[in-house]
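*Asks:* Structure: run.cif, mmCIF, C-alpha atoms.
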```cif
data_target
#
loop_
_atom_site.label_atom_id
_atom_site.label_comp_id
_atom_site.auth_asym_id
_atom_site.auth_seq_id
_atom_site.Cartn_x
_atom_site.Cartn_y
_atom_site.Cartn_z
CA MET E 29 12.90 1.13 -33.13
CA ARG E 30 14.27 3.99 -31.00
CA ARG E 31 11.91 6.45 -32.71
CA VAL E 32 8.98 4.11 -32.14
CA VAL E 33 9.81 3.74 -28.43
CA LEU E 34 10.27 7.49 -27.96
CA LYS E 35 6.97 8.19 -29.68
CA SER E 36 5.25 5.62 -27.46
CA ILE E 37 6.71 7.17 -24.32
CA ALA E 38 5.70 10.65 -25.43
CA ALA E 39 2.17 9.46 -26.18
CA ALA E 40 1.93 7.76 -22.81
CA LEU E 41 3.04 10.89 -21.02
CA MET E 42 0.47 12.97 -22.91
CA ALA E 43 -2.25 10.46 -22.03
CA ASN E 44 -1.20 10.19 -18.39
CA VAL E 45 -0.90 6.39 -18.56
CA PRO E 46 1.95 4.10 -17.40
CA VAL E 47 5.19 4.45 -19.33
CA LEU E 48 6.90 1.39 -20.74
CA GLN E 49 10.48 0.97 -19.59
CA ALA E 50 12.20 -1.43 -21.97
CA PHE E 51 15.78 -2.52 -21.33
CA ALA E 52 16.14 -4.49 -24.51
CA GLU E 53 13.78 -4.30 -27.46
CA ALA E 54 13.25 -7.79 -28.78
CA PRO E 55 12.48 -8.63 -32.39
CA GLY E 56 9.78 -11.04 -31.20
CA PRO E 57 7.33 -11.28 -28.31
CA THR E 58 8.55 -10.58 -24.79
CA ILE E 59 7.44 -11.70 -21.35
CA ASP E 60 6.17 -8.57 -19.63
CA ILE E 61 6.51 -7.96 -15.89
CA ALA E 62 4.41 -5.17 -14.39
CA LEU E 63 6.08 -3.26 -11.56
CA ILE E 64 3.34 -1.52 -9.56
CA GLU E 65 5.03 0.79 -7.07
CA GLY E 66 5.08 4.28 -5.59
CA LEU E 67 7.47 6.01 -7.97
CA SER E 68 6.40 9.52 -6.96
CA GLY E 69 5.32 11.06 -3.68
CA SER E 70 6.70 10.57 -0.16
CA PHE E 71 8.34 7.21 -0.87
CA ALA E 72 9.56 7.76 -4.42
CA ASN E 73 13.16 7.09 -3.37
CA ALA E 74 12.22 3.64 -2.10
CA GLY E 75 10.26 2.92 -5.27
CA GLU E 76 13.11 3.92 -7.54
CA ALA E 77 15.52 1.77 -5.51
CA VAL E 78 13.23 -1.19 -6.19
CA PHE E 79 13.07 -0.33 -9.88
CA ARG E 80 16.87 -0.25 -10.22
CA ASN E 81 17.23 -3.62 -8.52
CA ILE E 82 14.62 -5.40 -10.61
CA ALA E 83 15.85 -3.73 -13.79
CA TRP E 84 19.37 -4.98 -13.09
CA ALA E 85 18.13 -8.51 -12.39
CA ILE E 86 16.17 -8.54 -15.65
CA GLU E 87 19.17 -7.23 -17.58
CA ARG E 88 21.20 -10.15 -16.24
CA VAL E 89 18.60 -12.70 -17.41
CA ASN E 90 18.36 -11.06 -20.84
CA ALA E 91 22.15 -10.86 -21.17
CA ARG E 92 22.36 -14.65 -21.06
CA GLY E 93 19.76 -14.97 -23.81
CA GLY E 94 16.52 -14.54 -21.89
CA ILE E 95 14.04 -17.28 -21.01
CA LYS E 96 14.54 -20.59 -22.79
CA LEU E 97 11.19 -21.86 -24.07
CA PRO E 98 10.22 -24.59 -26.57
CA GLY E 99 9.30 -21.98 -29.21
CA GLY E 100 12.55 -20.08 -28.76
CA ASN E 101 14.10 -17.71 -26.25
CA ARG E 102 12.09 -14.73 -25.02
CA LEU E 103 13.39 -11.64 -23.26
CA LEU E 104 11.89 -10.19 -20.10
CA ARG E 105 10.53 -6.66 -20.25
CA LEU E 106 9.74 -4.49 -17.22
CA VAL E 107 6.78 -2.11 -17.32
CA ARG E 108 6.59 0.67 -14.72
CA TYR E 109 3.26 1.62 -13.17
CA ASP E 110 3.32 4.47 -10.66
CA SER E 111 0.82 3.81 -7.86
CA LYS E 112 1.94 6.98 -6.03
CA GLY E 113 1.82 4.82 -2.92
CA GLN E 114 -2.00 4.79 -3.03
CA THR E 115 -4.19 1.69 -2.98
CA GLU E 116 -6.71 2.91 -5.55
CA GLU E 117 -3.94 3.94 -7.92
CA ALA E 118 -2.36 0.50 -7.50
CA LEU E 119 -5.64 -1.25 -8.31
CA SER E 120 -6.04 0.89 -11.42
CA ALA E 121 -2.50 0.02 -12.43
CA LEU E 122 -3.25 -3.67 -11.94
CA ARG E 123 -6.19 -3.44 -14.32
CA ALA E 124 -4.05 -1.62 -16.88
CA ALA E 125 -1.32 -4.27 -16.56
CA ILE E 126 -3.81 -7.12 -17.06
CA ASP E 127 -5.35 -5.35 -20.05
CA ALA E 128 -1.85 -4.95 -21.51
CA GLY E 129 -1.27 -8.69 -21.24
CA SER E 130 1.06 -8.96 -18.22
CA HIS E 131 0.88 -12.30 -16.42
CA PHE E 132 3.31 -11.27 -13.68
CA VAL E 133 2.95 -8.41 -11.22
CA MET E 134 5.59 -7.22 -8.74
CA GLN E 135 4.93 -4.94 -5.75
CA GLY E 136 6.12 -4.64 -2.19
CA ASN E 137 6.54 -1.19 -0.64
CA SER E 138 3.27 -1.33 1.31
CA SER E 139 1.55 -4.28 2.96
CA ALA E 140 -1.80 -2.47 2.74
CA VAL E 141 -1.41 -2.09 -1.02
CA ALA E 142 -0.22 -5.70 -1.29
CA ALA E 143 -3.31 -6.95 0.53
CA ALA E 144 -5.59 -5.00 -1.83
CA LEU E 145 -3.74 -6.27 -4.90
CA LEU E 146 -3.90 -9.82 -3.57
CA ASP E 147 -7.67 -9.66 -3.13
CA ALA E 148 -8.09 -8.22 -6.63
CA ILE E 149 -5.80 -10.86 -8.18
CA ASP E 150 -7.64 -13.70 -6.43
CA LYS E 151 -10.93 -12.42 -7.85
CA GLN E 152 -9.45 -11.81 -11.30
CA ASN E 153 -7.99 -15.30 -11.52
CA SER E 154 -11.21 -16.90 -10.36
CA ARG E 155 -13.45 -14.94 -12.74
CA ASP E 156 -11.18 -14.91 -15.80
CA PRO E 157 -8.91 -17.98 -15.95
CA ALA E 158 -7.72 -16.99 -19.41
CA HIS E 159 -6.02 -13.89 -17.98
CA ARG E 160 -4.58 -15.07 -14.71
CA VAL E 161 -1.86 -13.16 -12.88
CA VAL E 162 0.97 -14.22 -10.53
CA PHE E 163 1.90 -11.77 -7.74
CA LEU E 164 5.58 -11.60 -6.72
CA ASN E 165 6.08 -9.64 -3.50
CA TYR E 166 9.55 -8.37 -2.61
CA SER E 167 8.91 -6.17 0.47
CA ALA E 168 5.35 -6.29 1.83
CA VAL E 169 6.11 -8.13 5.06
CA ASP E 170 2.86 -8.23 7.03
CA PRO E 171 2.85 -11.89 8.16
CA VAL E 172 -0.86 -12.35 7.37
CA LEU E 173 -0.05 -12.37 3.64
CA THR E 174 1.47 -15.85 3.97
CA ASN E 175 -0.64 -16.92 6.94
CA GLU E 176 -4.35 -16.12 7.33
CA ARG E 177 -4.59 -14.46 3.90
CA CYS E 178 -2.24 -16.73 1.99
CA SER E 179 -3.00 -17.27 -1.69
CA PHE E 180 -1.84 -19.70 -4.34
CA TRP E 181 -1.15 -16.73 -6.61
CA HIS E 182 1.05 -14.81 -4.16
CA PHE E 183 4.76 -15.45 -3.52
CA ARG E 184 6.75 -13.46 -0.95
CA PHE E 185 10.52 -13.16 -1.31
CA ASP E 186 11.24 -11.02 1.76
CA ALA E 187 11.36 -12.25 5.35
CA HIS E 188 8.09 -11.27 6.99
CA ALA E 189 7.86 -8.93 9.97
CA ASP E 190 7.85 -11.65 12.64
CA MET E 191 10.98 -13.19 11.13
CA ARG E 192 12.72 -9.81 11.10
CA VAL E 193 11.71 -9.01 14.67
CA ALA E 194 13.01 -12.41 15.77
CA ALA E 195 16.37 -11.67 14.14
CA LEU E 196 16.65 -8.33 15.95
CA MET E 197 15.65 -9.97 19.24
CA ASP E 198 18.42 -12.52 18.70
CA VAL E 199 20.80 -9.59 19.17
CA LEU E 200 18.81 -7.63 21.76
CA ARG E 201 18.60 -10.70 23.96
CA ASP E 202 22.34 -10.44 24.56
CA ASP E 203 22.48 -6.63 24.71
CA LYS E 204 22.44 -6.03 28.45
CA SER E 205 23.03 -2.29 27.96
CA VAL E 206 19.35 -1.95 27.02
CA GLY E 207 16.88 -1.90 29.90
CA SER E 208 14.11 0.20 28.36
CA VAL E 209 12.73 0.60 24.84
CA TYR E 210 10.43 2.90 22.90
CA LEU E 211 8.28 1.32 20.19
CA ILE E 212 7.30 3.53 17.26
CA GLY E 213 5.91 2.69 13.86
CA GLN E 214 3.80 3.63 10.89
CA ASP E 215 0.05 3.42 11.44
CA TYR E 216 -1.00 0.72 9.03
CA SER E 217 -1.11 -3.08 9.03
CA PHE E 218 2.66 -3.63 8.80
CA GLY E 219 3.66 -1.00 11.39
CA GLN E 220 1.02 -2.22 13.80
CA ARG E 221 2.17 -5.81 13.42
CA VAL E 222 5.82 -4.91 14.07
CA LEU E 223 4.96 -3.27 17.39
CA ARG E 224 2.67 -6.11 18.48
CA GLU E 225 5.31 -8.70 17.68
CA ALA E 226 8.06 -6.65 19.32
CA ARG E 227 6.01 -6.51 22.52
CA ARG E 228 5.37 -10.24 22.40
CA GLN E 229 8.97 -11.23 21.69
CA LEU E 230 10.33 -8.82 24.32
CA GLY E 231 8.14 -10.59 26.83
CA VAL E 232 9.70 -13.90 25.86
CA GLN E 233 13.32 -12.92 25.20
CA ARG E 234 13.83 -9.96 27.55
CA PRO E 235 11.04 -9.73 30.16
CA ASP E 236 13.33 -7.45 32.18
CA VAL E 237 13.18 -4.72 29.52
CA LYS E 238 10.65 -1.97 30.23
CA ILE E 239 8.55 -0.56 27.38
CA VAL E 240 8.45 3.20 28.04
CA GLY E 241 6.64 4.23 24.85
CA ASP E 242 4.37 2.67 22.26
CA GLU E 243 3.28 4.92 19.42
CA LEU E 244 2.01 4.89 15.85
CA HIS E 245 2.17 7.82 13.44
CA PRO E 246 0.55 8.52 10.04
CA LEU E 247 2.21 6.78 7.11
CA GLY E 248 4.20 9.11 4.86
CA ARG E 249 2.55 12.31 6.11
CA VAL E 250 4.80 13.44 8.96
CA LYS E 251 7.26 16.08 7.80
CA ASP E 252 8.63 17.00 11.23
CA PHE E 253 9.43 14.19 13.67
CA ALA E 254 10.78 16.58 16.32
CA PRO E 255 7.75 16.10 18.63
CA TYR E 256 8.16 12.32 18.44
CA ALA E 257 11.90 12.58 19.05
CA ALA E 258 11.29 14.80 22.09
CA LYS E 259 8.97 12.18 23.57
CA ILE E 260 11.49 9.42 22.91
CA ARG E 261 14.22 11.33 24.69
CA ALA E 262 11.95 12.35 27.59
CA SER E 263 10.90 8.72 28.11
CA GLY E 264 14.42 7.74 29.08
CA ALA E 265 14.42 4.93 26.54
CA GLN E 266 17.77 3.29 25.93
CA ALA E 267 16.68 1.93 22.55
CA VAL E 268 14.04 2.44 19.86
CA ILE E 269 12.49 -0.45 17.95
CA THR E 270 10.90 0.53 14.63
CA GLY E 271 9.84 -0.97 11.34
CA ASN E 272 9.77 2.48 9.68
CA TRP E 273 11.05 2.67 6.12
CA GLY E 274 11.77 5.33 3.51
CA ASN E 275 11.53 8.96 4.56
CA ASP E 276 9.59 8.01 7.68
CA LEU E 277 12.74 6.37 8.98
CA THR E 278 15.23 8.95 7.72
CA LEU E 279 13.31 11.87 9.23
CA LEU E 280 12.79 10.00 12.50
CA VAL E 281 16.47 9.21 13.05
CA LYS E 282 17.50 12.70 11.99
CA ALA E 283 15.07 14.24 14.49
CA ALA E 284 16.30 11.89 17.21
CA ARG E 285 19.89 12.92 16.58
CA GLU E 286 18.99 16.61 16.70
CA ALA E 287 17.04 16.07 19.93
CA GLY E 288 20.12 14.57 21.55
CA PHE E 289 18.84 11.00 21.83
CA ASP E 290 21.87 8.80 22.43
CA GLY E 291 20.19 5.42 22.63
CA LYS E 292 20.17 2.59 20.10
CA PHE E 293 17.93 2.04 17.10
CA TYR E 294 16.84 -1.52 16.34
CA THR E 295 15.48 -1.16 12.80
CA PHE E 296 14.23 -3.10 9.81
CA TYR E 297 15.67 -0.68 7.25
CA GLY E 298 18.19 1.61 8.95
CA ASN E 299 20.98 0.57 6.59
CA ALA E 300 20.22 2.90 3.66
CA LEU E 301 17.98 5.49 1.96
CA GLY E 302 19.66 8.34 3.80
CA ALA E 303 19.39 7.02 7.37
CA PRO E 304 23.15 6.50 8.01
CA ALA E 305 24.04 9.96 6.65
CA ALA E 306 21.24 11.54 8.73
CA LEU E 307 22.65 10.01 11.91
CA GLY E 308 26.35 10.53 11.26
CA ASP E 309 28.66 9.71 14.15
CA ALA E 310 25.65 9.56 16.48
CA GLY E 311 24.69 6.26 14.84
CA VAL E 312 28.04 4.53 15.18
CA GLY E 313 27.62 1.44 17.34
CA ARG E 314 23.98 2.40 18.00
CA VAL E 315 21.99 1.62 14.86
CA LEU E 316 21.21 -1.98 13.95
CA ALA E 317 19.41 -3.24 10.86
CA VAL E 318 18.18 -6.66 9.75
CA ALA E 319 18.37 -7.74 6.12
CA ASP E 320 18.62 -10.75 3.87
CA TRP E 321 22.07 -9.50 2.81
CA LEU E 322 24.39 -6.59 3.56
CA PRO E 323 27.38 -5.29 1.55
CA ASN E 324 29.80 -6.32 4.29
CA VAL E 325 28.69 -9.95 4.40
CA PRO E 326 32.06 -11.74 4.40
CA GLY E 327 33.24 -13.63 1.34
CA ALA E 328 34.60 -13.14 -2.16
CA GLN E 329 31.28 -13.92 -3.85
CA SER E 330 29.45 -11.32 -1.79
CA GLU E 331 32.08 -8.72 -2.68
CA ALA E 332 31.82 -9.63 -6.36
CA PHE E 333 28.05 -9.17 -6.24
CA TYR E 334 28.38 -5.72 -4.69
CA ALA E 335 31.08 -4.75 -7.17
CA ALA E 336 28.86 -5.79 -10.08
CA PHE E 337 26.00 -3.65 -8.78
CA HIS E 338 28.31 -0.65 -8.35
CA GLN E 339 29.58 -1.07 -11.88
CA ARG E 340 25.99 -0.87 -13.15
CA PHE E 341 24.89 1.91 -10.76
CA PRO E 342 28.02 3.87 -9.74
CA SER E 343 26.28 6.90 -8.19
CA PRO E 344 26.29 6.94 -4.36
CA ALA E 345 22.65 8.06 -4.49
CA GLU E 346 21.78 4.73 -6.16
CA ASP E 347 23.62 2.58 -3.62
CA TYR E 348 20.83 0.35 -2.32
CA VAL E 349 20.97 -3.22 -3.56
CA HIS E 350 18.56 -5.98 -2.55
CA MET E 351 19.79 -9.55 -2.92
CA ARG E 352 16.26 -10.90 -2.44
CA MET E 353 15.04 -9.07 -5.55
CA GLN E 354 17.79 -10.68 -7.59
CA LEU E 355 16.77 -14.10 -6.25
CA MET E 356 13.12 -13.29 -7.00
CA VAL E 357 13.79 -12.60 -10.68
CA GLU E 358 16.02 -15.68 -10.90
CA SER E 359 13.20 -17.74 -9.35
CA LEU E 360 10.70 -16.42 -11.87
CA ALA E 361 13.04 -17.17 -14.78
CA GLN E 362 13.61 -20.68 -13.46
CA ALA E 363 9.88 -21.28 -13.02
CA ILE E 364 8.94 -20.06 -16.51
CA GLU E 365 11.55 -22.33 -18.05
CA LYS E 366 10.38 -25.27 -15.95
CA ALA E 367 6.75 -24.60 -16.90
CA GLY E 368 7.70 -24.35 -20.55
CA SER E 369 5.50 -21.28 -21.00
CA ASP E 370 4.44 -18.04 -19.33
CA ASP E 371 1.03 -19.47 -18.41
CA ALA E 372 0.27 -18.13 -14.92
CA LEU E 373 -1.03 -21.41 -13.48
CA ALA E 374 1.89 -23.47 -14.78
CA VAL E 375 4.43 -20.89 -13.61
CA ALA E 376 2.83 -20.63 -10.15
CA ARG E 377 3.07 -24.39 -9.73
CA ALA E 378 6.72 -24.30 -10.77
CA LEU E 379 7.46 -21.36 -8.43
CA GLU E 380 6.35 -23.47 -5.47
CA THR E 381 9.48 -25.62 -5.80
CA THR E 382 12.10 -23.10 -6.94
CA SER E 383 15.54 -23.20 -5.38
CA VAL E 384 18.03 -20.58 -6.50
CA SER E 385 21.60 -19.50 -5.82
CA LEU E 386 23.40 -16.31 -6.78
CA TYR E 387 26.85 -15.12 -5.69
CA GLY E 388 26.83 -17.58 -2.79
CA GLN E 389 23.38 -16.57 -1.52
CA ASN E 390 20.75 -19.31 -1.57
CA GLY E 391 17.03 -19.50 -1.10
CA HIS E 392 14.02 -21.69 -1.78
CA MET E 393 10.28 -21.27 -1.87
CA ARG E 394 8.24 -23.04 0.81
CA ALA E 395 5.24 -24.55 -0.96
CA VAL E 396 2.93 -24.63 2.06
CA ASP E 397 2.58 -20.83 2.26
CA HIS E 398 4.75 -19.39 -0.55
CA GLN E 399 7.15 -17.76 1.92
CA PHE E 400 10.71 -17.66 0.56
CA GLN E 401 13.25 -19.13 2.96
CA GLN E 402 16.73 -17.60 3.16
CA SER E 403 19.38 -16.53 5.63
CA LEU E 404 19.14 -13.23 7.53
CA VAL E 405 21.86 -10.98 8.91
CA VAL E 406 21.89 -8.19 11.49
CA GLY E 407 24.36 -5.37 10.96
CA GLN E 408 25.59 -2.61 13.26
CA MET E 409 26.49 0.82 11.92
CA GLU E 410 30.20 1.65 12.05
CA LYS E 411 32.62 3.95 10.26
CA LYS E 412 34.00 2.73 6.98
CA GLY E 413 37.42 1.17 7.45
CA THR E 414 36.78 -0.28 10.89
CA PRO E 415 37.16 -4.07 11.10
CA GLY E 416 34.34 -5.75 9.21
CA VAL E 417 33.29 -2.55 7.37
CA LYS E 418 35.04 -2.50 4.01
CA PHE E 419 32.08 -0.82 2.30
CA ASP E 420 30.07 2.22 3.33
CA VAL E 421 26.49 3.13 2.40
CA GLU E 422 25.59 5.75 -0.20
CA GLY E 423 29.01 7.38 0.11
CA SER E 424 28.15 8.36 3.69
CA GLY E 425 31.37 7.06 5.24
CA TYR E 426 29.32 4.65 7.37
CA GLY E 427 28.61 0.99 6.77
CA PHE E 428 27.16 -1.99 8.60
CA LYS E 429 29.24 -4.67 10.23
CA VAL E 430 27.57 -8.08 10.37
CA VAL E 431 27.09 -8.94 14.05
CA ARG E 432 24.70 -11.87 13.67
CA SER E 433 24.11 -14.38 10.87
CA ILE E 434 20.95 -16.46 11.02
CA PRO E 435 20.74 -19.48 8.68
CA PRO E 436 17.47 -20.32 6.91
CA GLU E 437 16.56 -23.12 9.28
CA ARG E 438 16.70 -20.72 12.23
CA ALA E 439 15.03 -17.83 10.42
CA GLU E 440 12.13 -20.05 9.38
CA GLN E 441 8.88 -19.77 11.32
CA PRO E 442 5.69 -21.88 11.26
CA SER E 443 2.73 -20.83 9.14
CA SER E 444 -1.03 -20.98 9.70
CA CYS E 445 -1.72 -20.92 5.95
CA ARG E 446 -4.54 -23.11 4.66
CA MET E 447 -4.02 -22.58 0.98
CA LYS E 448 -6.71 -23.28 -1.61
CA ARG E 449 -5.10 -24.49 -4.81
CA PRO E 450 -6.72 -24.51 -8.26
CA ALA E 451 -8.13 -27.86 -9.34
#
```
Write out the structure in this file as structure tokens.

*Replies:*
Amino acid sequence: MRRVVLKSIAAALMANVPVLQAFAEAPGPTIDIALIEGLSGSFANAGEAVFRNIAWAIERVNARGGIKLPGGNRLLRLVRYDSKGQTEEALSALRAAIDAGSHFVMQGNSSAVAAALLDAIDKQNSRDPAHRVVFLNYSAVDPVLTNERCSFWHFRFDAHADMRVAALMDVLRDDKSVGSVYLIGQDYSFGQRVLREARRQLGVQRPDVKIVGDELHPLGRVKDFAPYAAKIRASGAQAVITGNWGNDLTLLVKAAREAGFDGKFYTFYGNALGAPAALGDAGVGRVLAVADWLPNVPGAQSEAFYAAFHQRFPSPAEDYVHMRMQLMVESLAQAIEKAGSDDALAVARALETTSVSLYGQNGHMRAVDHQFQQSLVVGQMEKKGTPGVKFDVEGSGYGFKVVRSIPPERAEQPSSCRMKRPA
């Protein structure tokens, strides 16, 4: 079997087609999950972090025997497709995944790519009911995906941008040290939405705060953020609000530190992928991040979860664990078992009512718009060892202390979805 797998991988590399990543070769048929993500290029680090998380979640399901079905247990198998962060590449990967027989597609590290995949999947499922696909989204957080453009075939497991902004504003509302802010983001649907919503919520929560900058920059193409950092410092801003992720965030905060900016960063993703190390002491008490879970969430179960991840991925460079991705895979496993098959329509209907729990973290799918509902936390960067910071990030010596916990009923927001369901 090992020789067969190695020959298959070698052939795939020679043919420049997606490479199969199998965590457990099953003697019988498997249930294939296609991961379509940027695994090379500017955001390769973010893509590989996703891969590790989903791989670990699948390993856990397979370790307990896989998916229990009437015809016998079946293991999950993850198939990597490198979109290089490009929409056209992602659409090509989707076609390859469908042709290979995958009924389940996972993607998230771009709302623009997610929107394109969603349109393609809607058309595919309408035209070819025998080869329908379910789309599980772990990070594409443009709110329109579960509002105006909601789809029966799409399920989002991350809090959308408006929910994340609201969580940050819950902290900023009480932060009287901030009287002026600079808004900066990536120039695509998600980044634009974050800045619009930040402006709107500032007007409601903190009308006294002055917006001294409002700027978008190209996605994944800026190598030197020094000019942006200079403008931020010159504006006199006391805080920056940004939805930047991956290298666009790391390079921004590093440039801000080097420019001497001593204000705060209210971020979506400032808790990992090199950002804490890039800031160093300059980020202590000044960088905040919102997440569905953080390593320093209090409680024995949370610590056990983090310890289990570290046992599987001990390298500091791999230290980026997403609880929501674990809950996503658990939800899929639950739905397949409830449906009694891997038929896309039956599984989608079962996914609408999933409710899962793992290491004390809970979540459930809201059927009206397929937006997963879960708690959110806001953390503030501090040195490891300070009260509330038992664990650091990526071996940097800095971790995030939980300063605000927001239960699901408070994190939840209304939806404008008018979903069309299959007959």

*Asks:* Could you expand the PyMOL selection byres ((chain E and resi 162) around 8) into the explicit residues it covers here, written as a ChimeraX atom specification?

*Replies:* /E:131-133,149,160-161,163-164,181-182,372,376

*Asks:* Dig up all the protein and nucleic acid residues within 12 Å of (24.7, -4.3, 24.1) in the file frame, using only C-alpha atoms, and format them as JSON, numbers by chain.

*Replies:* {"E": [197, 198, 199, 200, 201, 202, 203, 204, 205, 206, 207, 266, 267, 291, 292, 293, 294, 313, 314, 315, 316, 408, 431]}

*Asks:* List every protein, DNA or RNA residue that has at least one atom no more than 10 Å from (9.3, 3.7, 8.0) in the file's coordinates, counting all atoms listed in the file, and write the result as a count of residues only.

*Replies:* 25

*Asks:* Mind giving me the straight-line distance from atom CA of Ala125 of chain E to atom CA of Asp347 of chain E in Å, one decimal?

*Replies:*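 We find that atom CA of Ala125 of chain E and atom CA of Asp347 of chain E lie 28.9 Å from each other.
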
*Asks:* Quick one: residues within 8 Å of segment 432-442 of chain E, only C-alpha atoms, excluding same-chain residues fewer than 2 positions away - as a list in words?

*Replies:*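 Using only C-alpha atoms, the neighbours found are Met191, Ala194, Ala195, Val199, Gln401, Gln402, Ser403, Leu404, Val405, Val406, Gly407, Val430 and Ser444 of chain E.
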
*Asks:* Please measure the separation of atom CA of Glu243 of chain E and atom CA of Leu211 of chain E, giving the value in Å to one decimal.

*Replies:*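 A separation of 6.2 Å between them.
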
*Asks:* What's the separation between atom CA of Ser217 of chain E and atom CA of Asp190 of chain E, in Å to one decimal place?

*Replies:*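 Those two atoms sit 12.9 Å apart.
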